[in-house]
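Since the structure comes first, as structure tokens, the remarks are kept for the end.
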Number of protein chains: 2
Amino acid sequence: MRTSRPRTKQGPRFIHERILADIQGKILSGRWAAGCRIPIEQELMKQYQCSRMTVSKVLTRLAHAGLIVRRRKAGSFVGHPHSQSAVLDIPDIKVEVAALDLPYSYGVLHRHKRRSSREEREIFGKDGAVPMLELDCLHMAGEQPFCLEQRLINLQAVPEAASETFAELAPGAWLRRRVPWMLAEHRIRAAAAEPEAAAALKIKPRTPCLVIERTTRDVASAITFVRLIYPGNLHELVASFMPIAAVSDADLRDRSPASRARSG
Amino acid sequence: MRTSRPRTKQGPRFIHERILADIQGKILSGRWAAGCRIPIEQELMKQYQCSRMTVSKVLTRLAHAGLIVRRRKAGSFVGHPHSQSAVLDIPDIKVEVAALDLPYSYGVLHRHKRRSSREEREIFGKDGAVPMLELDCLHMAGEQPFCLEQRLINLQAVPEAASETFAELAPGAWLRRRVPWMLAEHRIRAAAAEPEAAAALKIKPRTPCLVIERTTRDVASAITFVRLIYPGNLHELVASFMPIAAVSDADLRDRSPASRARSG
DNA sequence: CAGTGGTCTAGACCACTTC
DNA sequence: AAGTGGTCTAGACCACTGA
């Protein structure tokens, strides 16, 4: 489905693709059960008539993906599936709304400069107070409020934000442009809408909402904290778990633009 | 050259680790901006005094992780950060409760064999009806209901489930043992507790709940569908976004079972 | 058409860990 | 002590694709 492969599904073109597909298939299908020992490199070399390097790269990769565990002198073994882990896609809100085929608009409700409070200092990991920009934004899908964004930006880390109105670009996109490749930690929960949030979102107080809190860090310090509040009936997150297919060689080769065919 | 390594230095022990750390650091810190061209393999070979294979493996890995894009004849370039994506960890419920330091218990509320309904056939992707096992389970954290599990198991795919009481092992863990490495799709949303669910969870109806729905597939067909309902105040999901550090070599080395000597 | 990456080889030595 | 994986080399040829 997600392998937009050339129509004539020709098999793996490279040895390492064939080895990867074979082993992966045997594990995923259950033919090789968890804990089962898999052939050693020498055997695979013979089986596929290739050099050790080729086999080794495949096995290393499978180990990175967690499908197998390699132990010196003992051999390589099929891994035991750990806790469910999934790759979660958190697109830009504008993109989310666009995916629903609704006109997107956005506005800043509140904009306020202040110093960090004590609890915020915990998030931002500083000893002293730091200058912060506090923003409340409302993202609209047509006439309907879609998401309330409550954001704090560390002005020490991103001083340019102080003079930015965020009239054109929402803070999330603006920041991603400035500070690419940030590390983020997400917390996702359900909560009842507080009165002010409910008023902004035009829903009844105590309506269930999906709340996503994200702390975004640079290598050095926290850059921004954001709380996204979605009315429960309007939004759901979709995540898919793909043990290794997500990074199968063939897919990687055609990872051009069109790989974002996700449904909302 | 690399044989006599001073043990005083904690840093990367291998060339490829050093190259990976260097490039990754330059990208993540923003010193190399998105779209920026990075040195070609020949330059990196000279810079690190190593063979092309070593450089190539690192760059291939960075490309797999999405940090760089490689183009023949043009070179390798720092990738543009895509939409926020995160690795979501959905542990076994027993583990979740244990993490809260609460005594875990669990019981089957309801167990019923029947054929799939029309809507379910959509999920399970069959033309005809298939035999299903319907289960309702309640997971407890101490005296408090922690999660309500509503599950359907495709008995055509897992016939053994028909005679299983799930008295000892919860269906999730039981299935993971039988059918390892399943592919899963998650949907996460906030919803008000329905009256029956609220009664089972001993919460007021309409209380906000975090609902996780998961369809788990084999290569061939859907194996199980589960809806996990957590009272909103009791649970949150944590996800972290790590461009590549998640699979840094150093981490991977420690992942063996015996390496429990680490200071957590 | 030439620069660059993509794949592969046939070795080598080392490190770890189970036997 | 020996089996196994971990890393690395110095080449090679091919396949793209951008200039």
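Numbering starts fresh at 1 for the residues of each chain in the structure tokens, the chains themselves are lettered A, B, ... in the order given, and ligands are numbered from 1 as they appear.
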DSSP says alpha helix (DSSP H) for which residues of range 25-157 of chain B? Put them as an MDAnalysis selection string? chainID B and resid 25:28 41:48 52:65 93:99 118:124
For Val211 in chain A, work out the shell of residues within 7 Å, counting only C-alpha atoms (C1' of nucleotides) and skipping chain neighbours fewer than 2 positions away, then give it as a short mmCIF file (atom, residue, chain, number, x, y, z; two decimals) with N, CA and C atoms, in the first residue's frame.
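Produced file part24.cif, reproduced below:
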data_model
loop_
_atom_site.label_atom_id
_atom_site.label_comp_id
_atom_site.auth_asym_id
_atom_site.auth_seq_id
_atom_site.Cartn_x
_atom_site.Cartn_y
_atom_site.Cartn_z
N ILE A 188 0.27 13.48 25.91
CA ILE A 188 -1.05 13.45 25.29
C ILE A 188 -2.04 12.94 26.31
N ARG A 189 -3.10 13.68 26.51
CA ARG A 189 -4.09 13.22 27.49
C ARG A 189 -5.45 13.75 27.14
N ALA A 190 -6.43 13.26 27.85
CA ALA A 190 -7.78 13.77 27.70
C ALA A 190 -8.10 14.62 28.92
N ALA A 191 -8.77 15.72 28.70
CA ALA A 191 -9.11 16.58 29.84
C ALA A 191 -10.38 17.35 29.50
N CYS A 209 -11.66 17.07 25.80
CA CYS A 209 -10.73 17.59 24.79
C CYS A 209 -9.48 16.73 24.76
N GLU A 213 0.59 18.38 24.93
CA GLU A 213 1.58 19.31 25.46
C GLU A 213 2.94 18.92 24.92
N ARG A 227 0.70 24.06 24.54
CA ARG A 227 -0.42 23.18 24.86
C ARG A 227 -1.46 23.37 23.76
N LEU A 228 -1.76 22.28 23.07
CA LEU A 228 -2.77 22.32 22.01
C LEU A 228 -4.02 21.63 22.52
N ILE A 229 -5.13 22.35 22.48
CA ILE A 229 -6.39 21.80 22.99
C ILE A 229 -7.36 21.64 21.84
N TYR A 230 -7.69 20.39 21.54
CA TYR A 230 -8.61 20.07 20.46
C TYR A 230 -9.93 19.59 21.06
#
Which one of B:Leu20, B:Ile27, B:Ala74, B:Val55 sits closest to chain C if you count only C-alpha atoms (C1' of nucleotides)? B:Ala74
Residues near range 1-17 of chain D, cut-off 8 Å, only C-alpha atoms (C1' of nucleotides), skip fewer than 2 positions along chain, as a list of chain:residue names: A:Ile40, A:Arg70, A:Arg71, A:Arg72, A:Lys73, A:Ala74, A:Gly75, B:Phe14, B:Ser51, B:Thr54, B:Arg72, B:Lys73, B:Ala74, C:DG6, C:DA15
Distance CA of Lys113 in chain A-CA of Lys202 in chain A, one decimal place?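 Rounded to one decimal, the two atoms are 26.3 Å apart.
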